[in-house]
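Structure, as structure tokens:
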Amino acid sequence: MPLNVYNTLSRRKEPFTASGGEVKLFVCGPTVYDYAHLGHARTYLAFDMITRFLNFSGYKVRYLMNITDVAERIVERAQELKLDPLEFAHQYEAAFLEDMRSLGIYNVDQYERASEYIPQMIEQVAGLVDNGSAYETETGVYFEVGKFPKFGKLSRQNHEELGLKRLELCSSKHNPEDFSLWRKYDQSVLGWESPWGFGRPGWHIEDTAVSMNHFGETYDVHGGASELIFPHHESEIAQAEALTGKIPFVRFWLHTGLLNVEGRKMSKSLGNVIQIREALKRYTPQELRFYFASFHYRQPVVLSEAGLRRSKRELAAMNKALRAFKEAKPTGNLRDQKRLQHLLNQSEIGFRRKMNDDFDTPGALKVVKALAQNMRRLKLGKEAKRKGENAFRKMADVFGIWP
């Protein structure tokens, strides 16, 4: 079965192909003003497993992630603490990268700071102004949504629905749904000089500038949490396609389901935010990865202590079965050697079938767990054991749960 991927843009599963010799994957990174939490882990672990399976299937992946170190929340927090905004952001960037390593996420090829792409952002904004897609006011430069008829195609919203959206409240905008490309500020706060005065870029243009600088005017996969579909990813499409005229900006849009804690949305106001580094004091990286792999990446995750404990037990049982297989007294049982070969063949077929169906990690994880339990029953020699262990490792490594 070939790889089929659910594309948020088309709302259906489509056969997956790379446009060139490598898969160009861009995933929205964090806004670094606090420690990363398990909501971040949910998305970044999902795309780590997706990348691992693409590698498993023979694809070469170039994985790019931006670091949003220019944002209102960063400036506000830094001012409260009387710190330089960029230095403040880069402290949390270092903490985020540490958390990623702690979770076993090593597949990201490039982390790129938004602050290092200001010239590219200014160039893109200027291009949108020049071709009539954007306009300047006394407060900044705004993208005129009405000039892009396909705005709403990713989030499936029509013109009337979009007209009810009052994003970025500003009296100088022509229309409520228009969004900022550049905001003007006085020079007492973080900013850069531009053709429209001193200021800072809008959130959406940051990602467009980073991804297009490395991947060009169109590329393969853009990923992120489902809460970013509107307005963030919708705006990215509008900016890029209005600027270049190339359609599509991105061929496949992949989005992860949200994370709830005991059935309630994770939020600071509810006091239920769980930082990655705090979770790692109670659970190993493999246990957390096993838990998140038990949910399909598009499925909402309901984080619960009971669920985490269950995953911990299941992972321990799988590892116990694997140890029993490895430590059993070697024998030359030819019948069991044939059984092993059949078991490995069928397991890999089942594993690939599940993962090729839009990265069905829960289904593929069941295959891996069953393989461990079935292998422990076999009496084999050293070479056959090594073969079985290597085959198991290859599949388990897609989830990152190998002990």
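Ordering of the structure tokens sets the chain letters (A, B, ...), residue numbers begin anew at 1 in every chain, and ligands are numbered from 1 in the order given.
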
For this session: Within 9 Å of region 252-260 of chain A, counting only C-alpha atoms, which residues show up once you throw out same-chain ones fewer than 2 positions away? Write them as JSON, numbers by chain, please.
Result: {"A": [5, 6, 7, 8, 9, 10, 14, 16, 38, 39, 42, 43, 46, 47, 154, 219, 220, 221, 222, 223, 224, 225, 226, 227, 228, 229, 250, 262, 263, 264, 265, 266, 296, 297, 298, 299, 300, 301, 302, 303, 304]}

Mind checking which residues fall within 8 Å of Ala238 (chain A), counting only C-alpha atoms, ignoring those fewer than 6 positions away in the same chain, and posting them as a CSV table (one decimal) with C-alpha atoms, in the first residue's frame?
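The resulting out_7.csv:
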chain,number,residue,atom,x,y,z
A,145,VAL,CA,-7.9,40.0,2.4
A,148,PHE,CA,-7.2,37.4,-2.3
A,150,LYS,CA,-9.3,32.3,-2.1
A,151,PHE,CA,-8.7,33.4,1.5

For this session: Pick out the residues sitting within 8 Å of Pro285 (chain A), and hand them over as number ranges by chain; count only C-alpha atoms, and ignore anything fewer than 4 positions along from it in its own chain.
Result: A: 102-104, 280, 289

Residues just named, written with N, CA and C atoms as a PDB file, in the first residue's frame:
ATOM      1  N   SER A 102      15.819  16.182  25.089  1.00  0.00           N
ATOM      2  CA  SER A 102      15.409  15.282  26.171  1.00  0.00           C
ATOM      3  C   SER A 102      14.321  14.314  25.711  1.00  0.00           C
ATOM      4  N   LEU A 103      13.473  14.759  24.804  1.00  0.00           N
ATOM      5  CA  LEU A 103      12.407  13.905  24.267  1.00  0.00           C
ATOM      6  C   LEU A 103      12.901  12.984  23.156  1.00  0.00           C
ATOM      7  N   GLY A 104      14.157  13.133  22.756  1.00  0.00           N
ATOM      8  CA  GLY A 104      14.694  12.297  21.684  1.00  0.00           C
ATOM      9  C   GLY A 104      14.357  12.792  20.304  1.00  0.00           C
ATOM     10  N   LEU A 280       8.988  15.051  32.478  1.00  0.00           N
ATOM     11  CA  LEU A 280      10.134  14.140  32.393  1.00  0.00           C
ATOM     12  C   LEU A 280      10.704  13.774  33.758  1.00  0.00           C
ATOM     13  N   ARG A 289       6.720   9.108  24.774  1.00  0.00           N
ATOM     14  CA  ARG A 289       6.603   8.863  23.335  1.00  0.00           C
ATOM     15  C   ARG A 289       5.619   7.726  23.071  1.00  0.00           C
TER      16      ARG A 289
END

Problem set entry | Who sits within 12 Å of Arg386 (chain A), only C-alpha atoms, same chain under 2 positions skipped, as a VMD selection string | chain A and resid 322 325 to 327 330 337 340 375 380 to 384 388 to 393

Exercise. So which residues touch Leu54 (chain A) within 12 Å, counting only C-alpha atoms, skipping near sequence neighbours fewer than 6 positions away, as a PyMOL selection string?
Worked result: chain A and resi 2-5+16-18+22-25+47-48+60-63+107+352+355-356+358-359+398

Can I get the selected residues back with N, CA and C atoms, as a tab-separated table (two decimals), in the first residue's frame?
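What follows is the written file result.tsv:
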chain	number	residue	atom	x	y	z
A	2	PRO	N	0.69	2.15	-0.95
A	2	PRO	CA	1.48	3.39	-0.98
A	2	PRO	C	1.07	4.31	0.17
A	3	LEU	N	1.92	5.29	0.48
A	3	LEU	CA	1.65	6.24	1.54
A	3	LEU	C	0.54	7.20	1.12
A	4	ASN	N	-0.49	7.27	1.95
A	4	ASN	CA	-1.58	8.23	1.75
A	4	ASN	C	-1.64	9.15	2.96
A	5	VAL	N	-1.77	10.44	2.71
A	5	VAL	CA	-1.71	11.45	3.77
A	5	VAL	C	-2.95	12.33	3.70
A	16	PHE	N	0.92	10.30	-1.37
A	16	PHE	CA	2.01	11.21	-1.05
A	16	PHE	C	3.19	11.00	-1.99
A	17	THR	N	3.72	12.10	-2.48
A	17	THR	CA	4.95	12.07	-3.28
A	17	THR	C	5.77	13.29	-2.91
A	18	ALA	N	7.07	13.18	-3.06
A	18	ALA	CA	7.95	14.32	-2.87
A	18	ALA	C	8.12	15.01	-4.21
A	22	GLU	N	14.09	15.24	-2.21
A	22	GLU	CA	13.90	15.21	-0.77
A	22	GLU	C	12.55	15.78	-0.41
A	23	VAL	N	12.02	15.37	0.73
A	23	VAL	CA	10.78	15.93	1.25
A	23	VAL	C	11.12	17.20	2.01
A	24	LYS	N	10.56	18.31	1.60
A	24	LYS	CA	10.77	19.57	2.29
A	24	LYS	C	9.64	19.76	3.29
A	25	LEU	N	9.99	19.69	4.58
A	25	LEU	CA	9.01	19.75	5.66
A	25	LEU	C	9.28	20.96	6.54
A	47	PHE	N	5.39	14.97	14.60
A	47	PHE	CA	6.15	15.20	13.38
A	47	PHE	C	7.52	14.52	13.42
A	48	ASP	N	8.03	14.28	14.61
A	48	ASP	CA	9.25	13.47	14.72
A	48	ASP	C	8.98	12.05	14.24
A	60	LYS	N	14.27	10.91	1.84
A	60	LYS	CA	15.19	11.84	2.46
A	60	LYS	C	14.39	13.08	2.84
A	61	VAL	N	14.46	13.47	4.11
A	61	VAL	CA	13.65	14.57	4.60
A	61	VAL	C	14.55	15.73	5.02
A	62	ARG	N	14.20	16.92	4.59
A	62	ARG	CA	14.84	18.14	5.07
A	62	ARG	C	13.82	18.86	5.95
A	63	TYR	N	14.04	18.84	7.25
A	63	TYR	CA	13.09	19.29	8.25
A	63	TYR	C	13.53	20.64	8.80
A	107	ASN	N	15.60	14.98	14.63
A	107	ASN	CA	15.45	14.98	13.17
A	107	ASN	C	15.32	16.36	12.54
A	352	ARG	N	3.79	-1.41	7.98
A	352	ARG	CA	3.79	-0.48	6.85
A	352	ARG	C	2.37	-0.13	6.43
A	355	MET	N	1.06	2.48	8.97
A	355	MET	CA	1.73	3.78	8.87
A	355	MET	C	1.50	4.44	7.52
A	356	ASN	N	1.33	3.65	6.47
A	356	ASN	CA	1.05	4.22	5.15
A	356	ASN	C	-0.37	4.78	5.06
A	358	ASP	N	-2.00	7.29	6.43
A	358	ASP	CA	-1.96	8.58	7.13
A	358	ASP	C	-1.29	8.47	8.50
A	359	PHE	N	-0.18	7.73	8.55
A	359	PHE	CA	0.64	7.64	9.77
A	359	PHE	C	-0.19	7.17	10.97
A	398	VAL	N	10.85	3.96	14.85
A	398	VAL	CA	9.96	4.95	14.24
A	398	VAL	C	9.22	5.72	15.33

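As for CA of Met49 (chain A) and CA of Thr208 (chain A), they are spaced 24.4 Å apart.
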
Problem set entry | Residue neighbourhood Ala89 (chain A), 7 Å, only C-alpha atoms, exclusion window fewer than 5 positions, as a PyMOL selection string | chain A and resi 32-33+69+74

Problem set entry | Long-range neighbours of Gly152 (chain A) as a ChimeraX atom specification, 10 Å cut-off, only C-alpha atoms, 3 positions minimum in chain | /A:145,148-149,155-159,161-162,229-231,234-235,237-238

Exercise. Suppose you want the space between CA of Glu138 (chain A) and CA of Ala242 (chain A); what is it in Å?
Worked result: 23.1 Å
